[in-house]
Amino acid sequence: NMKRTMEAAGVGAAHLHPRAADEDFWDFVRNELPSASHIYGGERFDPEMMPGEEWKEFGAGFWMLPIVELRLQNEKTIFAVHLVRENQQQSWSEAAQATLNVLTTLSDRISEAAPTTTLPPIISRDGTYDSDLDTQDVFELGVTSALGELSDPASSLEKVVLAQRLRLLFDKSSDLSALDILRRWKFGGNAGGYLLYLRPSDGNGKEFFGCTPEQLFSVSNGNFTTEALAGTRPRGSTQESDEALSRELFESSKDRSENEITGRFIRSQLKEA
(Lines give C-alpha, C1' and ligand atoms only; values in the text may rest on other atoms or scores of the structure.)
Protein backbone atom coordinates (compact mmCIF):
# COMPACT_ATOMS: atom_id res chain seq x y z
CA ASN A 1 0.00 0.00 0.00
CA MET A 2 0.99 3.66 -0.15
CA LYS A 3 2.28 3.77 3.44
CA ARG A 4 4.26 0.57 2.94
CA THR A 5 2.56 -1.01 5.97
CA MET A 6 1.13 -3.92 3.99
CA GLU A 7 2.54 -6.15 1.26
CA ALA A 8 1.10 -9.42 0.02
CA ALA A 9 2.00 -12.14 -2.47
CA GLY A 10 -0.05 -15.15 -3.48
CA VAL A 11 0.56 -18.23 -5.64
CA GLY A 12 -2.04 -20.57 -7.09
CA ALA A 13 -5.80 -20.39 -6.69
CA ALA A 14 -7.56 -22.33 -3.95
CA HIS A 15 -10.78 -20.64 -5.04
CA LEU A 16 -11.24 -18.85 -8.35
CA HIS A 17 -14.08 -16.51 -9.34
CA PRO A 18 -13.29 -15.42 -12.94
CA ARG A 19 -16.09 -12.87 -13.26
CA ALA A 20 -17.49 -9.82 -11.54
CA ALA A 21 -18.51 -10.23 -7.89
CA ASP A 22 -22.00 -11.74 -7.74
CA GLU A 23 -24.14 -13.48 -5.11
CA ASP A 24 -22.05 -16.68 -5.37
CA PHE A 25 -18.91 -14.66 -4.68
CA TRP A 26 -20.38 -12.96 -1.61
CA ASP A 27 -21.82 -16.27 -0.33
CA PHE A 28 -18.30 -17.69 -0.39
CA VAL A 29 -16.86 -14.61 1.35
CA ARG A 30 -19.55 -14.59 4.06
CA ASN A 31 -19.89 -18.32 4.70
CA GLU A 32 -16.62 -20.06 3.79
CA LEU A 33 -13.78 -17.56 3.90
CA PRO A 34 -11.85 -17.49 7.21
CA SER A 35 -11.92 -14.05 8.80
CA ALA A 36 -8.15 -13.57 8.52
CA SER A 37 -7.96 -14.57 4.84
CA HIS A 38 -7.76 -12.17 1.93
CA ILE A 39 -9.21 -12.46 -1.56
CA TYR A 40 -7.32 -10.67 -4.34
CA GLY A 41 -8.43 -9.40 -7.72
CA GLY A 42 -10.55 -6.70 -9.25
CA GLU A 43 -13.19 -5.92 -11.83
CA ARG A 44 -14.17 -3.41 -14.45
CA PHE A 45 -16.01 -0.23 -13.45
CA ASP A 46 -18.64 -1.19 -16.04
CA PRO A 47 -19.00 -5.01 -15.92
CA GLU A 48 -21.59 -4.89 -18.71
CA MET A 49 -19.10 -3.42 -21.21
CA MET A 50 -17.38 -5.93 -23.48
CA PRO A 51 -13.63 -6.00 -22.70
CA GLY A 52 -11.14 -5.36 -25.47
CA GLU A 53 -9.02 -8.11 -27.00
CA GLU A 54 -6.08 -7.40 -24.68
CA TRP A 55 -8.33 -7.79 -21.60
CA LYS A 56 -10.26 -10.95 -22.53
CA GLU A 57 -8.23 -13.16 -20.14
CA PHE A 58 -9.40 -10.97 -17.24
CA GLY A 59 -13.03 -10.58 -18.34
CA ALA A 60 -15.42 -8.39 -16.38
CA GLY A 61 -13.82 -9.43 -13.11
CA PHE A 62 -11.20 -11.76 -11.66
CA TRP A 63 -11.08 -12.77 -7.98
CA MET A 64 -9.02 -15.45 -6.27
CA LEU A 65 -8.13 -16.90 -2.90
CA PRO A 66 -4.47 -17.93 -3.28
CA ILE A 67 -3.31 -21.39 -2.29
CA VAL A 68 -0.20 -19.91 -0.71
CA GLU A 69 -0.25 -16.41 0.73
CA LEU A 70 2.56 -14.41 2.32
CA ARG A 71 1.50 -11.13 3.89
CA LEU A 72 3.53 -8.49 5.72
CA GLN A 73 1.15 -6.30 7.68
CA ASN A 74 1.85 -3.83 10.48
CA GLU A 75 5.30 -5.36 11.09
CA LYS A 76 3.79 -8.88 11.32
CA THR A 77 4.47 -11.71 8.87
CA ILE A 78 1.58 -14.03 8.03
CA PHE A 79 2.04 -17.23 6.03
CA ALA A 80 -1.15 -19.05 5.04
CA VAL A 81 -1.99 -22.15 3.01
CA HIS A 82 -5.62 -22.41 1.89
CA LEU A 83 -7.28 -25.75 1.15
CA VAL A 84 -10.66 -25.55 -0.56
CA ARG A 85 -12.80 -28.14 -2.35
CA GLU A 86 -14.00 -26.41 -5.49
CA ASN A 87 -16.99 -28.76 -5.91
CA GLN A 88 -18.60 -31.83 -4.39
CA GLN A 89 -16.96 -34.10 -6.98
CA GLN A 90 -13.46 -33.14 -5.80
CA SER A 91 -12.23 -35.14 -2.82
CA TRP A 92 -10.24 -33.59 0.00
CA SER A 93 -7.25 -35.71 -0.99
CA GLU A 94 -7.39 -34.31 -4.54
CA ALA A 95 -7.62 -30.77 -3.16
CA ALA A 96 -4.67 -31.47 -0.85
CA GLN A 97 -2.62 -32.88 -3.75
CA ALA A 98 -3.27 -29.73 -5.82
CA THR A 99 -2.04 -27.66 -2.89
CA LEU A 100 1.08 -29.81 -2.48
CA ASN A 101 1.81 -29.44 -6.20
CA VAL A 102 1.94 -25.67 -5.76
CA LEU A 103 4.06 -25.88 -2.61
CA THR A 104 6.68 -28.02 -4.35
CA THR A 105 7.15 -25.37 -7.03
CA LEU A 106 8.11 -22.70 -4.51
CA SER A 107 11.73 -21.79 -3.93
CA ASP A 108 13.36 -20.58 -0.75
CA ARG A 109 15.84 -18.54 -2.80
CA ILE A 110 15.87 -14.92 -1.69
CA SER A 111 15.66 -12.54 -4.64
CA GLU A 112 17.96 -9.55 -4.83
CA ALA A 113 16.76 -6.42 -3.06
CA ALA A 114 16.48 -4.59 -6.37
CA PRO A 115 17.02 -5.42 -10.04
CA THR A 116 20.65 -5.09 -11.00
CA THR A 117 20.00 -4.41 -14.68
CA THR A 118 18.27 -1.47 -16.31
CA LEU A 119 15.07 -1.96 -18.23
CA PRO A 120 15.62 -2.64 -21.94
CA PRO A 121 15.06 0.19 -24.40
CA ILE A 122 11.66 0.65 -26.00
CA ILE A 123 11.83 -0.39 -29.66
CA SER A 124 8.56 1.23 -30.70
CA ARG A 125 5.51 3.08 -29.37
CA ASP A 126 2.19 2.51 -31.07
CA GLY A 127 -1.05 4.19 -30.08
CA THR A 128 -3.12 2.62 -32.86
CA TYR A 129 -4.74 -0.77 -32.31
CA ASP A 130 -6.82 -2.82 -34.71
CA SER A 131 -9.89 -0.65 -34.11
CA ASP A 132 -10.46 2.67 -35.86
CA LEU A 133 -11.61 4.00 -32.47
CA ASP A 134 -8.00 4.08 -31.26
CA THR A 135 -6.68 6.67 -33.70
CA GLN A 136 -5.45 10.08 -32.57
CA ASP A 137 -8.06 11.80 -34.75
CA VAL A 138 -10.90 9.96 -33.00
CA PHE A 139 -9.46 10.82 -29.58
CA GLU A 140 -9.20 14.52 -30.44
CA LEU A 141 -12.74 14.43 -31.81
CA GLY A 142 -13.87 13.03 -28.47
CA VAL A 143 -12.13 15.87 -26.61
CA THR A 144 -13.78 18.47 -28.86
CA SER A 145 -17.18 16.86 -28.45
CA ALA A 146 -16.81 16.71 -24.64
CA LEU A 147 -15.78 20.37 -24.45
CA GLY A 148 -18.84 21.30 -26.48
CA GLU A 149 -21.12 19.35 -24.16
CA LEU A 150 -19.55 20.82 -21.04
CA SER A 151 -20.00 24.38 -22.31
CA ASP A 152 -23.69 23.80 -23.14
CA PRO A 153 -25.89 25.07 -20.24
CA ALA A 154 -28.60 22.58 -21.21
CA SER A 155 -26.25 19.59 -20.95
CA SER A 156 -26.31 17.36 -17.87
CA LEU A 157 -22.69 16.37 -18.47
CA GLU A 158 -20.34 17.47 -15.66
CA LYS A 159 -17.18 15.44 -16.07
CA VAL A 160 -15.58 13.38 -18.83
CA VAL A 161 -12.64 10.99 -18.48
CA LEU A 162 -10.97 10.06 -21.77
CA ALA A 163 -8.07 7.67 -22.24
CA GLN A 164 -5.86 6.29 -24.97
CA ARG A 165 -4.21 2.93 -25.33
CA LEU A 166 -0.48 2.78 -25.96
CA ARG A 167 1.47 -0.31 -26.99
CA LEU A 168 5.17 -0.41 -26.05
CA LEU A 169 7.38 -2.97 -27.78
CA PHE A 170 10.55 -4.10 -25.98
CA ASP A 171 13.36 -6.26 -27.30
CA LYS A 172 12.09 -9.84 -26.98
CA SER A 173 15.56 -11.11 -26.15
CA SER A 174 15.46 -9.11 -22.90
CA ASP A 175 12.97 -11.54 -21.27
CA LEU A 176 11.27 -8.59 -19.58
CA SER A 177 8.37 -9.28 -17.22
CA ALA A 178 5.90 -7.01 -15.49
CA LEU A 179 7.48 -7.96 -12.16
CA ASP A 180 10.74 -6.37 -13.33
CA ILE A 181 8.94 -3.06 -13.86
CA LEU A 182 7.05 -3.42 -10.58
CA ARG A 183 10.26 -3.95 -8.64
CA ARG A 184 11.81 -0.96 -10.39
CA TRP A 185 8.89 1.16 -9.20
CA LYS A 186 9.10 -0.16 -5.67
CA PHE A 187 12.85 0.07 -5.14
CA GLY A 188 13.55 3.00 -7.44
CA GLY A 189 11.92 5.49 -5.09
CA ASN A 190 9.46 6.77 -7.71
CA ALA A 191 6.29 4.87 -6.82
CA GLY A 192 4.07 6.81 -4.44
CA GLY A 193 0.94 4.70 -4.70
CA TYR A 194 -0.57 1.25 -4.45
CA LEU A 195 1.36 -1.35 -6.47
CA LEU A 196 -0.54 -4.31 -7.92
CA TYR A 197 0.17 -7.38 -10.05
CA LEU A 198 -2.02 -10.20 -11.34
CA ARG A 199 -1.24 -13.10 -13.66
CA PRO A 200 -3.96 -15.72 -14.34
CA SER A 201 -2.60 -19.24 -14.75
CA ASP A 202 -4.60 -19.69 -17.97
CA GLY A 203 -4.00 -16.16 -19.23
CA ASN A 204 -1.54 -17.10 -21.99
CA GLY A 205 1.21 -15.25 -20.15
CA LYS A 206 -0.83 -12.03 -19.85
CA GLU A 207 0.14 -9.89 -16.84
CA PHE A 208 -1.80 -6.99 -15.33
CA PHE A 209 0.13 -4.53 -13.18
CA GLY A 210 -0.09 -0.93 -12.14
CA CYS A 211 0.54 1.81 -9.63
CA THR A 212 -2.44 3.88 -8.52
CA PRO A 213 -2.50 6.79 -6.04
CA GLU A 214 -6.10 6.00 -5.08
CA GLN A 215 -7.64 3.32 -2.90
CA LEU A 216 -11.20 2.69 -4.05
CA PHE A 217 -12.32 1.73 -0.55
CA SER A 218 -11.21 0.02 2.63
CA VAL A 219 -13.04 -1.51 5.57
CA SER A 220 -11.38 -1.61 8.98
CA ASN A 221 -13.06 -2.33 12.31
CA GLY A 222 -16.45 -1.71 10.74
CA ASN A 223 -15.43 1.66 9.27
CA PHE A 224 -15.81 2.19 5.52
CA THR A 225 -13.36 4.62 3.90
CA THR A 226 -13.11 5.71 0.28
CA GLU A 227 -10.84 8.22 -1.39
CA ALA A 228 -10.53 9.81 -4.79
CA LEU A 229 -8.05 12.19 -6.40
CA ALA A 230 -9.15 14.82 -8.88
CA GLY A 231 -6.58 17.28 -10.13
CA THR A 232 -2.82 16.78 -9.99
CA ARG A 233 0.40 18.72 -10.44
CA PRO A 234 3.98 17.50 -10.85
CA ARG A 235 6.35 17.79 -7.90
CA GLY A 236 8.64 20.80 -7.94
CA SER A 237 12.41 20.53 -8.19
CA THR A 238 12.82 22.74 -5.09
CA GLN A 239 10.76 23.29 -1.94
CA GLU A 240 9.74 26.74 -3.18
CA SER A 241 8.51 25.48 -6.57
CA ASP A 242 6.81 22.53 -4.84
CA GLU A 243 4.87 24.90 -2.59
CA ALA A 244 3.98 27.11 -5.56
CA LEU A 245 2.56 24.16 -7.47
CA SER A 246 0.60 23.13 -4.37
CA ARG A 247 -0.95 26.60 -4.06
CA GLU A 248 -1.79 26.60 -7.76
CA LEU A 249 -3.60 23.28 -7.35
CA PHE A 250 -5.61 24.37 -4.30
CA GLU A 251 -6.53 27.70 -5.88
CA SER A 252 -7.67 26.17 -9.18
CA SER A 253 -11.44 26.58 -9.61
CA LYS A 254 -11.42 23.83 -12.23
CA ASP A 255 -9.78 21.32 -9.88
CA ARG A 256 -12.01 22.32 -6.94
CA SER A 257 -15.06 21.82 -9.15
CA GLU A 258 -13.82 18.40 -10.25
CA ASN A 259 -13.33 17.35 -6.63
CA GLU A 260 -16.86 18.47 -5.78
CA ILE A 261 -18.30 16.50 -8.71
CA THR A 262 -16.35 13.40 -7.68
CA GLY A 263 -17.49 13.77 -4.07
CA ARG A 264 -21.15 14.04 -5.10
CA PHE A 265 -20.87 10.95 -7.25
CA ILE A 266 -19.27 8.90 -4.46
CA ARG A 267 -21.94 9.97 -1.96
CA SER A 268 -24.73 9.06 -4.39
CA GLN A 269 -23.22 5.62 -4.98
CA LEU A 270 -22.87 4.96 -1.25
CA LYS A 271 -26.50 5.93 -0.67
CA GLU A 272 -27.64 3.35 -3.24
CA ALA A 273 -25.49 0.70 -1.54
# chains A, B, ... in the order shown; residues from 1 in each chain; ligands from 1
$ select_by_dssp --residues "region 35-198 of chain A" --states "alpha helix (DSSP H)" --output "count of residues only"
39
$ residues_around --residues "region 81-97 of chain A" --least-positions-apart "4" --cutoff "8 Å" --atoms "only C-alpha atoms" --output "VMD selection string"
chain A and resid 14 to 15 65 to 69 101
$ select_by_dssp --residues "region 46-113 of chain A" --states "strand (DSSP E or B)" --output "list in words"
Gly61, Phe62, Trp63, Met64, Leu65, Val68, Glu69, Leu70, Arg71, Leu72, Gln73, Lys76, Thr77, Ile78, Phe79, Ala80 and Val81 of chain A
$ residues_around --residues "Arg235 (chain A)" --least-positions-apart "5" --cutoff "10 Å" --atoms "only C-alpha atoms" --output "list in words"
Ser241, Asp242, Glu243, Ala244, Leu245 and Ser246 of chain A
$ residues_around --residues "Leu229 (chain A)" --least-positions-apart "5" --cutoff "8 Å" --atoms "only C-alpha atoms" --output "PDB file with C-alpha atoms, in the first residue's frame"
ATOM      1  CA  PRO A 213      -2.499   6.789  -6.044  1.00  0.00           C
ATOM      2  CA  GLU A 214      -6.099   5.998  -5.076  1.00  0.00           C
ATOM      3  CA  ASN A 259     -13.335  17.349  -6.633  1.00  0.00           C
TER       4      ASN A 259
END
$ atom_distance --atom1 "CA of Ile39 (chain A)" --atom2 "CA of Gly188 (chain A)"
28.1 Å
$ residues_around --residues "Met2 (chain A)" --least-positions-apart "4" --cutoff "7 Å" --atoms "only C-alpha atoms" --output "PDB file with N, CA, C and O atoms, in the first residue's frame"
ATOM      1  N   GLY A 192       4.697   6.264  -5.627  1.00  0.00           N
ATOM      2  CA  GLY A 192       4.067   6.814  -4.436  1.00  0.00           C
ATOM      3  C   GLY A 192       2.639   6.361  -4.296  1.00  0.00           C
ATOM      4  O   GLY A 192       1.794   7.105  -3.810  1.00  0.00           O
ATOM      5  N   GLY A 193       2.321   5.158  -4.735  1.00  0.00           N
ATOM      6  CA  GLY A 193       0.938   4.700  -4.702  1.00  0.00           C
ATOM      7  C   GLY A 193       0.820   3.240  -4.318  1.00  0.00           C
ATOM      8  O   GLY A 193       1.709   2.673  -3.692  1.00  0.00           O
ATOM      9  N   TYR A 194      -0.280   2.649  -4.726  1.00  0.00           N
ATOM     10  CA  TYR A 194      -0.568   1.252  -4.450  1.00  0.00           C
ATOM     11  C   TYR A 194      -0.106   0.412  -5.647  1.00  0.00           C
ATOM     12  O   TYR A 194      -0.590   0.584  -6.756  1.00  0.00           O
TER      13      TYR A 194
END
$ residues_around --residues "Leu168 (chain A)" --least-positions-apart "6" --cutoff "7 Å" --atoms "only C-alpha atoms" --output "ChimeraX atom specification"
/A:122,124-126
